[in-house]
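Enquirer: Below is the file coords_10.cif, which contains mmCIF, C-alpha atoms.
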```
data_coords
loop_
_atom_site.label_atom_id
_atom_site.label_comp_id
_atom_site.auth_asym_id
_atom_site.auth_seq_id
_atom_site.Cartn_x
_atom_site.Cartn_y
_atom_site.Cartn_z
CA MET A 181 -69.19 58.91 16.10
CA ASN A 182 -68.29 58.48 19.77
CA LYS A 183 -70.45 55.36 20.01
CA ILE A 184 -68.90 53.84 16.88
CA ASN A 185 -65.38 54.63 18.08
CA ALA A 186 -66.14 53.05 21.46
CA TYR A 187 -67.50 49.98 19.69
CA LEU A 188 -64.44 49.71 17.45
CA ALA A 189 -62.15 50.11 20.46
CA LYS A 190 -63.94 47.21 22.12
CA VAL A 191 -63.52 45.10 18.98
CA SER A 192 -59.84 46.05 18.69
CA ASN A 193 -59.22 45.08 22.29
CA ALA A 194 -60.90 41.66 21.78
CA ILE A 195 -58.77 41.01 18.69
CA ASP A 196 -55.51 42.07 20.38
CA SER A 197 -56.23 39.88 23.41
CA GLU A 198 -57.50 37.00 21.20
CA ASN A 199 -60.75 36.95 23.17
CA GLY A 200 -63.06 35.07 20.85
CA GLU A 201 -66.11 35.26 23.13
CA LYS A 202 -66.00 39.07 23.40
CA LEU A 203 -65.37 39.45 19.70
CA ALA A 204 -68.26 37.11 18.92
CA ALA A 205 -70.59 39.20 21.10
CA ALA A 206 -69.55 42.30 19.17
CA LEU A 207 -70.60 40.59 15.93
CA ARG A 208 -73.84 39.02 17.20
CA LEU A 209 -77.08 40.36 15.72
CA ASP A 210 -79.04 40.07 18.98
CA ASP A 211 -76.41 41.94 21.00
CA ASP A 212 -77.22 45.31 22.60
CA HIS A 213 -74.77 47.17 20.37
CA VAL A 214 -77.02 46.68 17.33
CA TYR A 215 -79.61 49.22 18.46
CA LYS A 216 -77.19 51.37 20.47
CA LEU A 217 -75.35 52.17 17.23
CA ALA A 218 -78.55 52.81 15.24
CA ASP A 219 -78.43 56.63 15.22
CA ALA A 220 -74.68 56.85 14.74
CA LEU A 221 -74.60 54.42 11.81
CA GLY A 222 -77.27 56.42 10.02
CA LYS A 223 -74.87 59.37 9.83
CA VAL A 224 -71.90 57.40 8.50
CA HIS A 225 -71.55 57.34 4.71
CA ASN A 226 -68.27 55.45 4.30
CA LEU A 227 -68.21 52.57 6.76
CA PRO A 228 -65.19 50.75 5.28
CA SER A 229 -63.07 53.88 5.66
CA VAL A 230 -64.19 54.54 9.24
CA VAL A 231 -63.56 50.95 10.29
CA GLY A 232 -60.32 50.69 8.29
CA ASN A 233 -58.87 53.62 10.26
CA ARG A 234 -59.15 51.60 13.48
CA LEU A 235 -58.71 47.95 12.46
CA ASN A 236 -56.37 45.99 10.23
CA THR A 237 -57.48 43.56 7.54
CA PRO A 238 -59.14 41.09 7.50
CA TRP A 239 -60.95 42.30 10.63
CA SER A 240 -61.69 45.72 9.14
CA ASP A 241 -63.55 44.05 6.25
CA ILE A 242 -65.37 41.65 8.59
CA VAL A 243 -66.50 44.34 11.05
CA ALA A 244 -67.49 46.72 8.24
CA ALA A 245 -69.61 43.94 6.72
CA HIS A 246 -71.28 43.34 10.11
CA LEU A 247 -72.07 47.04 10.58
CA ARG A 248 -73.53 47.09 7.09
CA VAL A 249 -75.89 44.25 8.10
CA VAL A 250 -77.01 46.38 11.03
CA LYS A 251 -77.34 49.63 9.08
CA GLU A 252 -78.84 48.46 5.79
CA GLY A 253 -80.63 45.35 6.95
CA ILE A 254 -81.83 45.26 10.53
CA LEU A 255 -82.49 48.98 10.92
CA GLU A 256 -84.31 48.98 7.57
CA GLU A 257 -86.34 45.95 8.76
CA SER A 258 -85.80 43.99 5.54
CA GLU A 259 -85.42 40.27 6.19
CA GLU A 260 -84.15 39.44 2.72
CA GLN A 261 -81.67 42.32 2.87
CA VAL A 262 -80.44 41.08 6.26
CA ALA A 263 -79.99 37.56 4.87
CA SER A 264 -78.14 38.86 1.82
CA LEU A 265 -75.81 41.06 3.85
CA GLN A 266 -75.23 38.43 6.56
CA ASN A 267 -74.35 35.98 3.81
CA ALA A 268 -71.82 38.49 2.45
CA LEU A 269 -70.38 38.88 5.95
CA ALA A 270 -70.12 35.10 6.33
CA GLN A 271 -68.33 34.82 2.98
CA THR A 272 -65.86 37.53 3.99
CA PHE A 273 -65.17 35.78 7.28
CA HIS A 274 -64.94 32.31 5.74
CA ASP A 275 -62.37 33.56 3.22
CA ALA A 276 -60.19 34.86 6.04
CA PHE A 277 -60.93 31.98 8.43
CA THR A 278 -58.53 29.60 6.67
CA GLY A 279 -55.58 31.53 8.10
CA MET A 280 -57.02 31.94 11.61
CA MET A 281 -56.59 29.88 14.79
CA ARG A 282 -58.81 28.24 17.38
CA TRP A 283 -59.54 31.39 19.38
CA THR A 284 -61.72 32.69 16.50
CA LEU A 285 -64.11 29.72 16.62
CA PRO A 286 -66.73 31.56 18.76
CA VAL A 287 -66.85 34.21 16.02
CA LEU A 288 -67.46 31.51 13.41
CA TYR A 289 -70.25 29.98 15.49
CA THR A 290 -71.93 33.37 15.97
CA ILE A 291 -71.77 34.49 12.34
CA ASP A 292 -72.99 31.16 10.95
CA THR A 293 -75.72 30.71 13.56
CA ASP A 294 -77.03 34.21 12.84
CA LEU A 295 -76.83 33.41 9.13
CA ARG A 296 -79.04 30.33 9.55
CA ARG A 297 -81.63 32.20 11.62
CA ARG A 298 -81.83 35.15 9.26
CA CYS A 299 -82.01 32.94 6.19
CA ILE A 300 -84.96 31.07 7.71
CA LYS A 301 -86.79 34.38 8.22
CA ALA A 302 -85.95 35.54 4.71
CA ASP A 303 -87.12 32.27 3.16
CA ASN A 304 -90.37 32.51 5.13
CA VAL A 305 -90.92 35.96 3.61
CA ARG A 306 -90.32 34.56 0.12
CA LEU A 307 -92.63 31.60 0.70
CA ALA A 308 -95.38 33.92 1.98
CA LYS A 309 -95.15 35.82 -1.33
CA GLY A 310 -95.31 32.60 -3.32
CA ASP A 311 -91.62 32.65 -4.25
CA LYS A 312 -89.19 29.76 -3.94
CA ALA A 313 -86.97 29.58 -0.82
CA ARG A 314 -83.30 30.20 -1.65
CA TRP A 315 -81.39 31.73 1.25
CA ARG A 316 -80.71 28.60 3.30
CA GLU A 317 -79.24 26.82 0.30
CA GLU A 318 -76.83 29.72 -0.20
CA ALA A 319 -75.97 29.68 3.50
CA VAL A 320 -75.22 25.95 3.43
CA ARG A 321 -72.67 26.45 0.65
CA GLY A 322 -70.78 29.01 2.72
CA ILE A 323 -70.97 27.08 5.99
CA SER A 324 -69.71 23.97 4.18
CA LYS A 325 -66.58 25.92 3.34
CA ALA A 326 -66.08 26.73 7.04
CA PHE A 327 -66.63 23.07 7.90
CA ALA A 328 -63.90 22.02 5.47
CA ALA A 329 -61.54 24.62 6.98
CA CYS A 330 -62.09 23.14 10.44
CA CYS A 331 -62.01 19.49 9.43
CA THR A 332 -58.81 19.73 7.36
CA ASP A 333 -56.91 22.32 9.41
CA ARG A 334 -53.19 21.55 9.37
CA PHE A 335 -51.99 23.91 12.09
CA GLY A 336 -49.24 22.07 13.93
CA ILE A 337 -50.28 22.72 17.54
CA LEU A 338 -53.48 20.76 18.21
CA GLU A 339 -54.53 22.98 21.15
CA LYS A 340 -54.71 25.96 18.77
CA SER A 341 -56.19 24.09 15.82
CA LYS A 342 -59.53 24.91 14.23
CA LYS A 343 -60.28 21.18 14.22
CA TRP A 344 -62.00 21.73 17.57
CA GLY A 345 -64.80 23.50 15.70
CA THR A 346 -65.52 20.59 13.36
CA TYR A 347 -68.45 19.02 15.22
CA ARG A 348 -70.12 22.34 16.09
CA ILE A 349 -70.23 23.37 12.43
CA LEU A 350 -71.08 19.84 11.31
CA ASN A 351 -74.06 19.86 13.69
CA LEU A 352 -75.21 23.18 12.26
CA LEU A 353 -75.07 21.75 8.74
CA LEU A 354 -76.94 18.59 9.81
CA LYS A 355 -79.61 20.78 11.39
CA MET A 356 -80.00 22.83 8.21
CA TYR A 357 -80.12 19.80 5.92
CA THR A 358 -82.82 18.33 8.20
CA GLU A 359 -84.85 21.56 8.12
CA MET A 360 -84.57 21.63 4.33
CA ASN A 361 -85.61 17.94 4.02
CA GLN A 362 -82.29 17.19 2.32
CA THR A 363 -80.89 14.57 4.68
CA ASN A 364 -79.74 12.61 1.62
CA LEU A 365 -76.96 15.21 1.27
CA THR A 366 -75.47 14.49 4.70
CA SER A 367 -73.52 11.40 3.68
CA THR A 368 -70.65 13.40 2.17
CA ILE A 369 -69.91 15.51 5.24
CA LEU A 370 -70.33 12.53 7.58
CA ARG A 371 -67.86 10.60 5.46
CA SER A 372 -65.44 13.54 5.64
CA VAL A 373 -65.55 13.46 9.43
CA ALA A 374 -65.13 9.69 9.56
CA ASN A 375 -62.01 9.92 7.37
CA ALA A 376 -60.52 13.06 8.96
CA ASP A 377 -57.58 13.11 11.34
CA LEU A 378 -59.52 14.49 14.31
CA PRO A 379 -59.33 14.05 18.07
CA SER A 380 -61.76 11.38 19.30
CA LEU A 381 -65.36 12.53 19.75
CA ASP A 382 -65.20 12.21 23.55
CA GLN A 383 -62.59 15.00 23.67
CA PHE A 384 -65.03 17.54 22.21
CA PRO A 385 -67.51 19.55 24.32
CA ILE A 386 -70.36 17.38 25.60
CA ALA A 387 -72.91 19.61 23.84
CA ASP A 388 -71.24 18.86 20.50
CA GLN A 389 -71.18 15.14 21.29
CA VAL A 390 -74.88 15.02 22.24
CA THR A 391 -76.01 17.01 19.19
CA PHE A 392 -73.90 14.89 16.84
CA LYS A 393 -75.27 11.65 18.33
CA TYR A 394 -78.83 12.98 18.06
CA TYR A 395 -78.50 13.72 14.35
CA THR A 396 -76.60 10.53 13.49
CA GLY A 397 -79.21 8.58 15.48
CA MET A 398 -82.03 10.31 13.62
CA LEU A 399 -80.38 9.61 10.25
CA ALA A 400 -79.82 5.96 11.21
CA PHE A 401 -83.51 5.78 12.18
CA TYR A 402 -84.58 7.00 8.74
CA ASP A 403 -82.17 4.53 7.12
CA GLU A 404 -83.80 1.74 9.18
CA GLN A 405 -80.51 1.06 11.00
CA TYR A 406 -82.33 0.72 14.29
CA LYS A 407 -79.53 -0.82 16.35
CA LYS A 408 -77.25 2.09 15.50
CA ALA A 409 -80.11 4.54 16.07
CA GLU A 410 -80.74 3.14 19.56
CA GLU A 411 -77.05 3.38 20.46
CA CYS A 412 -76.70 6.99 19.30
CA LEU A 413 -80.02 8.25 20.67
CA SER A 414 -79.51 6.51 24.03
CA PHE A 415 -76.12 8.26 24.31
CA ALA A 416 -77.76 11.60 23.51
CA LEU A 417 -80.59 11.12 26.03
CA LYS A 418 -78.29 10.03 28.85
CA ARG A 419 -75.86 12.92 28.43
CA CYS A 420 -78.29 15.68 27.50
CA LYS A 421 -77.94 18.27 30.26
CA ALA A 422 -79.36 21.71 30.95
CA LYS A 423 -77.15 24.76 30.48
CA GLY A 424 -77.68 26.60 33.75
CA PRO A 425 -81.31 26.89 34.90
CA ASP A 426 -82.76 26.44 31.39
CA THR A 427 -84.85 23.37 32.20
CA LYS A 428 -87.45 24.14 29.51
CA ARG A 429 -84.81 23.87 26.81
CA LEU A 430 -83.57 20.62 28.37
CA ALA A 431 -87.09 19.15 28.30
CA LYS A 432 -87.53 20.23 24.68
CA ASN A 433 -84.22 18.64 23.65
CA LYS A 434 -85.06 15.39 25.42
CA MET A 435 -88.44 15.30 23.70
CA LEU A 436 -86.68 15.62 20.32
CA ILE A 437 -84.51 12.63 21.22
CA LEU A 438 -87.41 10.56 22.59
CA ASN A 439 -89.40 11.18 19.42
CA TYR A 440 -87.07 8.74 17.64
CA LEU A 441 -85.78 6.71 20.57
CA ILE A 442 -89.16 5.36 21.75
CA PRO A 443 -90.16 3.82 18.37
CA THR A 444 -86.63 2.47 18.02
CA ARG A 445 -86.82 0.77 21.39
CA LEU A 446 -90.23 -0.69 20.59
CA LEU A 447 -88.63 -2.39 17.60
CA CYS A 448 -85.66 -3.50 19.70
CA GLY A 449 -87.92 -4.97 22.39
CA THR A 450 -87.04 -2.46 25.12
CA LEU A 451 -90.19 -0.95 26.61
CA PRO A 452 -90.00 2.46 28.32
CA HIS A 453 -90.05 2.52 32.12
CA PRO A 454 -93.30 3.91 33.64
CA THR A 455 -91.34 6.78 35.25
CA LEU A 456 -90.50 8.06 31.77
CA PHE A 457 -94.19 8.44 31.01
CA GLU A 458 -94.71 10.21 34.33
CA LYS A 459 -91.96 12.69 33.49
CA TYR A 460 -93.06 13.26 29.89
CA PRO A 461 -96.88 13.16 29.59
CA ILE A 462 -96.71 13.95 25.87
CA VAL A 463 -94.70 10.77 25.30
CA HIS A 464 -97.27 8.80 27.31
CA ARG A 465 -100.16 10.27 25.34
CA LEU A 466 -98.51 9.32 22.06
CA TYR A 467 -96.89 5.98 22.85
CA GLY A 468 -98.54 4.72 26.04
CA ASN A 469 -101.08 2.46 24.33
CA PHE A 470 -98.48 1.04 21.95
CA VAL A 471 -96.34 0.01 24.92
CA LEU A 472 -99.36 -1.47 26.72
CA ALA A 473 -100.36 -3.37 23.57
CA ILE A 474 -96.91 -4.88 23.15
CA ARG A 475 -96.66 -5.80 26.81
CA ASN A 476 -100.02 -7.65 26.70
CA GLY A 477 -99.94 -8.88 23.11
CA ASP A 478 -103.06 -6.81 22.45
CA VAL A 479 -102.98 -6.52 18.67
CA ARG A 480 -106.41 -4.87 18.51
CA LEU A 481 -105.29 -2.04 20.83
CA TYR A 482 -102.14 -1.61 18.74
CA ASP A 483 -104.15 -1.35 15.52
CA GLU A 484 -106.61 1.11 17.07
CA SER A 485 -103.74 3.26 18.32
CA LEU A 486 -102.11 3.23 14.88
CA SER A 487 -105.34 4.48 13.38
CA LYS A 488 -105.84 7.23 15.99
CA LYS A 489 -102.24 8.46 16.02
CA GLN A 490 -101.50 8.07 12.31
CA ARG A 491 -101.53 11.76 11.43
CA GLU A 492 -99.32 12.80 14.34
CA LEU A 493 -96.86 9.96 13.79
CA ILE A 494 -96.56 10.89 10.12
CA ARG A 495 -95.92 14.51 11.12
CA ARG A 496 -93.19 13.38 13.50
CA GLY A 497 -91.63 11.11 10.89
CA THR A 498 -92.06 7.94 12.98
CA TRP A 499 -95.13 6.29 11.44
CA LEU A 500 -93.30 3.58 9.49
CA ALA A 501 -91.23 2.46 12.48
CA VAL A 502 -94.23 2.30 14.80
CA GLU A 503 -96.22 0.38 12.20
CA ARG A 504 -93.31 -2.01 11.78
CA ALA A 505 -93.20 -2.58 15.56
CA ARG A 506 -96.69 -4.12 15.35
CA ILE A 507 -95.00 -7.47 14.74
CA VAL A 508 -93.63 -7.33 18.29
CA ALA A 509 -97.18 -7.25 19.68
CA VAL A 510 -98.12 -10.16 17.40
CA ARG A 511 -95.07 -12.07 18.64
CA VAL A 512 -96.20 -11.66 22.28
CA LEU A 513 -99.69 -12.93 21.42
CA PHE A 514 -98.37 -15.91 19.46
CA ARG A 515 -95.93 -16.78 22.21
CA LYS A 516 -98.83 -16.87 24.69
CA THR A 517 -100.63 -19.18 22.28
CA TRP A 518 -97.62 -21.51 22.23
CA ILE A 519 -97.47 -21.49 26.06
CA ILE A 520 -101.17 -22.37 26.28
CA HIS A 521 -100.45 -25.35 24.02
CA ASP A 522 -97.98 -26.67 26.60
CA ARG A 523 -94.96 -25.35 24.68
CA THR A 524 -95.34 -28.11 22.12
CA THR A 525 -93.24 -28.06 18.95
CA ARG A 526 -96.34 -28.39 16.76
CA VAL A 527 -99.14 -25.85 16.96
CA PRO A 528 -102.07 -25.76 14.49
CA MET A 529 -102.18 -22.60 12.41
CA ALA A 530 -105.85 -22.32 13.34
CA ALA A 531 -104.80 -21.81 16.97
CA PHE A 532 -102.96 -18.63 16.08
CA ARG A 533 -105.96 -17.45 14.08
CA GLN A 534 -108.20 -18.14 17.06
CA ALA A 535 -105.84 -16.17 19.30
CA MET A 536 -106.09 -13.17 16.96
CA GLN A 537 -109.89 -13.43 16.95
CA LEU A 538 -110.07 -13.69 20.75
CA ALA A 539 -107.87 -10.58 20.91
CA GLY A 540 -110.49 -8.77 18.84
CA THR A 541 -108.81 -8.86 15.42
CA GLU A 542 -110.67 -10.60 12.60
CA VAL A 543 -108.29 -12.35 10.22
CA ASP A 544 -108.56 -15.32 7.87
CA LEU A 545 -106.15 -18.24 7.80
CA ASP A 546 -104.22 -16.86 4.82
CA GLU A 547 -103.42 -13.68 6.76
CA VAL A 548 -102.25 -15.70 9.76
CA GLN A 549 -100.02 -17.81 7.52
CA CYS A 550 -98.57 -14.59 6.09
CA MET A 551 -97.87 -13.24 9.60
CA LEU A 552 -96.18 -16.48 10.61
CA ALA A 553 -94.06 -16.52 7.45
CA ILE A 554 -92.92 -12.93 8.05
CA MET A 555 -92.07 -13.68 11.68
CA ILE A 556 -89.98 -16.69 10.62
CA ASP A 557 -88.28 -14.69 7.88
CA ARG A 558 -87.36 -11.83 10.23
CA GLY A 559 -86.21 -14.08 13.05
CA TYR A 560 -89.04 -13.52 15.56
CA LEU A 561 -90.02 -17.20 15.29
CA LYS A 562 -87.80 -20.26 14.87
CA GLY A 563 -89.41 -23.04 12.88
CA TYR A 564 -91.23 -23.65 9.59
CA LEU A 565 -94.75 -23.93 8.21
CA SER A 566 -96.19 -27.30 7.26
CA PHE A 567 -98.99 -26.43 4.85
CA GLU A 568 -99.82 -30.11 4.32
CA LYS A 569 -100.75 -30.50 7.98
CA GLN A 570 -101.68 -26.84 8.52
CA THR A 571 -99.23 -26.77 11.41
CA VAL A 572 -96.39 -24.58 12.62
CA VAL A 573 -93.39 -26.76 13.47
CA LEU A 574 -91.38 -24.96 16.14
CA LYS A 575 -87.78 -25.33 17.21
CA ASN A 576 -87.29 -27.42 20.36
CA GLU A 577 -85.42 -24.70 22.26
CA GLY A 578 -86.19 -21.02 22.16
CA PRO A 579 -88.72 -20.87 19.31
CA PHE A 580 -89.47 -17.26 20.29
CA PRO A 581 -86.03 -15.63 20.72
CA PRO A 582 -85.79 -12.34 22.65
CA VAL A 583 -86.74 -9.38 20.48
CA ALA A 584 -83.42 -7.70 21.30
CA SER A 585 -81.60 -10.56 19.57
CA VAL A 586 -83.58 -10.25 16.33
CA PRO A 587 -81.59 -8.52 13.55
CA LEU A 588 -83.17 -5.33 12.29
#
```
Mind turning the file's structure into structure tokens?
Expert:
Amino acid sequence: MNKINAYLAKVSNAIDSENGEKLAAALRLDDDHVYKLADALGKVHNLPSVVGNRLNTPWSDIVAAHLRVVKEGILEESEEQVASLQNALAQTFHDAFTGMMRWTLPVLYTIDTDLRRRCIKADNVRLAKGDKARWREEAVRGISKAFAACCTDRFGILEKSKKWGTYRILNLLLKMYTEMNQTNLTSTILRSVANADLPSLDQFPIADQVTFKYYTGMLAFYDEQYKKAEECLSFALKRCKAKGPDTKRLAKNKMLILNYLIPTRLLCGTLPHPTLFEKYPIVHRLYGNFVLAIRNGDVRLYDESLSKKQRELIRRGTWLAVERARIVAVRVLFRKTWIIHDRTTRVPMAAFRQAMQLAGTEVDLDEVQCMLAIMIDRGYLKGYLSFEKQTVVLKNEGPFPPVASVPL
């Protein structure tokens, strides 16, 4: 009992001093106390009573629920039991959280982050047995309640308001919806944030800003809102910093951002600088030939790269965007064709077909006409097609506008 009493004294001190970080550590499932209390917890038969003698409600209920996770879940090595008990702890905390203040936010982050991790493990166990995953969906319902408590907090003093936890919990929900392939459900919570009376985003911790911009950029990418995606992802990449000496984590986070930012920039006509490829060889291996193909108007190389990288691009969720960016390589080739024809306002359609053939891509005239029509429709080419004379009639000035100016 001495170990449990010492633990409870530590918790009581953190509560009395409103030290959220220390209290969060005392409720974290990867903290040293979990295994230090193993023997002592095995001898306790009435945890609520033991904890209730030292702590007042609601903290007595919260701490008792945490110790039950340790005793009946972790020490028993049952992932589903851990998920179930951690979910019960989260519900107990969320119910009490409405009446709490800002200093308890680290506790919220710890409990909900542990809940996500444990639910992933529990769902993996279920999937391995052929059962349907269920724990993350339950976790999302509880965490959504905490999000609402942060977002709509009406405590009068802003410095002590739970509103400062809004983006951290929002980011956790966005992460979970992404993992569950349910990004279609994010619109409601994003709308809640947009309509909430919150401090401006730049007043929140930079880590919250970067994570939020990453997820909103990713969602914009999937919605084919590429201008917005570039803005958000560029913000995230520029401000993504390492926490201490953890450079591996920094590199991993930047790779996650670049996974969507590179295809977005290909579509927007901004090619990556060579130093980026030097710093991230994986990015060069995946996108190097696409960049080279666009720069040179090498449609054949672009098509070959699409074929070779198709499976990996599909796995990364970027195949459709990279395929769509093929038109940028075609634009470069056709612009060279126009230059060769002395920048005249009338170029035979056959000339563009010949350019494709010389570049190593066999196409018939109908396909070329289709490409030209699409380029005109999307704004990559200013002019019209004269089928009677089999000619492309180009605008006098700027028939090939900069890709960055083309609406996406």
Enquirer: Separation of CA of Ser367 (chain A) and CA of Ala276 (chain A), in Å?
Expert: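 CA of Ala276 (chain A) lies at a distance of 27.1 Å from CA of Ser367 (chain A).
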Enquirer: Around the point (-59.1, 20.7, 7.7), in the coordinates given by the file, pick out the residues reaching within 10 Å, counting only C-alpha atoms, and return them as a list in words.
Expert: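 Every residue inside that radius is included here: Thr278, Ala326, Phe327, Ala328, Ala329, Cys330, Cys331, Thr332, Asp333, Arg334, Phe335, Ser341, Lys342, Lys343, Thr346, Ser372, Val373, Ala376, Asp377 and Leu378 of chain A.
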Enquirer: What do you get, as a PyMOL selection string, if you spell out every residue that the PyMOL selection byres ((chain A and resi 399-407) around 10) selects here?
Expert: chain A and resi 354+358+363-364+366-367+393-398+408-413+440-441+443-445+447-448+497-498+500-501+584+587-588
Enquirer: Given all atoms listed in the file as the basis, pick out the residue of A:Val390, A:Ala509, A:Ala539, A:Ile323 nearest to Met555 (chain A).
Expert: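 Looking at the shortest contact to Met555 (chain A), the residue is A:Ala509.
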Enquirer: For the file shown, report as a ChimeraX atom specification the outcome of the PyMOL selection byres ((chain A and resi 464-467) around 9) at residue level.
Expert: /A:442-443,454,456-458,460-463,468-472,485,489,492-493
Enquirer: Between CA of Val231 (chain A) and CA of Gln266 (chain A), what is the distance in Å, rounded to a tenth?
Expert: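 That distance, rounded to one decimal, is 17.5 Å.
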Enquirer: Within 6 Å of Val287 (chain A), counting all atoms listed in the file, which residues show up once you throw out same-chain ones fewer than 3 positions away? Write them as a ChimeraX atom specification, please.
Expert: /A:204,284,290
Enquirer: Now that the selection is made, can you save its residues with C-alpha atoms as a PDB file, in the frame of the given file?
Expert:
```
ATOM      1  CA  ALA A 204     -68.260  37.110  18.920  1.00  0.00           C
ATOM      2  CA  THR A 284     -61.720  32.690  16.500  1.00  0.00           C
ATOM      3  CA  THR A 290     -71.930  33.370  15.970  1.00  0.00           C
TER       4      THR A 290
END
```
Enquirer: Any chance you could work out the residue set of the PyMOL selection byres ((chain A and resi 293) around 12) here, as an MDAnalysis selection string?
Expert: chainID A and resid 204 207:210 263 266:267 270 286:292 294:300 316 319:320 323 348:349 351:353 355:356
Enquirer: Have a look at CA of Lys190 (chain A) and CA of Leu338 (chain A) and let me know their distance in Å, one decimal.
Expert: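 We find that CA of Lys190 (chain A) and CA of Leu338 (chain A) lie 28.7 Å from each other.
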Enquirer: Out of A:Asn193, A:Asn439, A:Asn476, A:Phe415, which residue has the shortest atom-to-atom distance to Arg495 (chain A) when counting all atoms listed in the file?
Expert: A:Asn439
Enquirer: Between A:Leu538, A:Leu269, A:Val572, A:Leu486, which residue has the minimum interatomic distance to Thr524 (chain A), considering only C-alpha atoms?
Expert: A:Val572
Enquirer: Set up a box along x, y and z of the file covering all listed atoms of region 506-514 of chain A, add 4 Å on every one of the six sides, and write the centre and edge lengths in Å to one decimal, as JSON.
Expert:
```
{"center_x": -96.7, "center_y": -10.0, "center_z": 18.5, "size_x": 14.1, "size_y": 19.8, "size_z": 15.5}
```
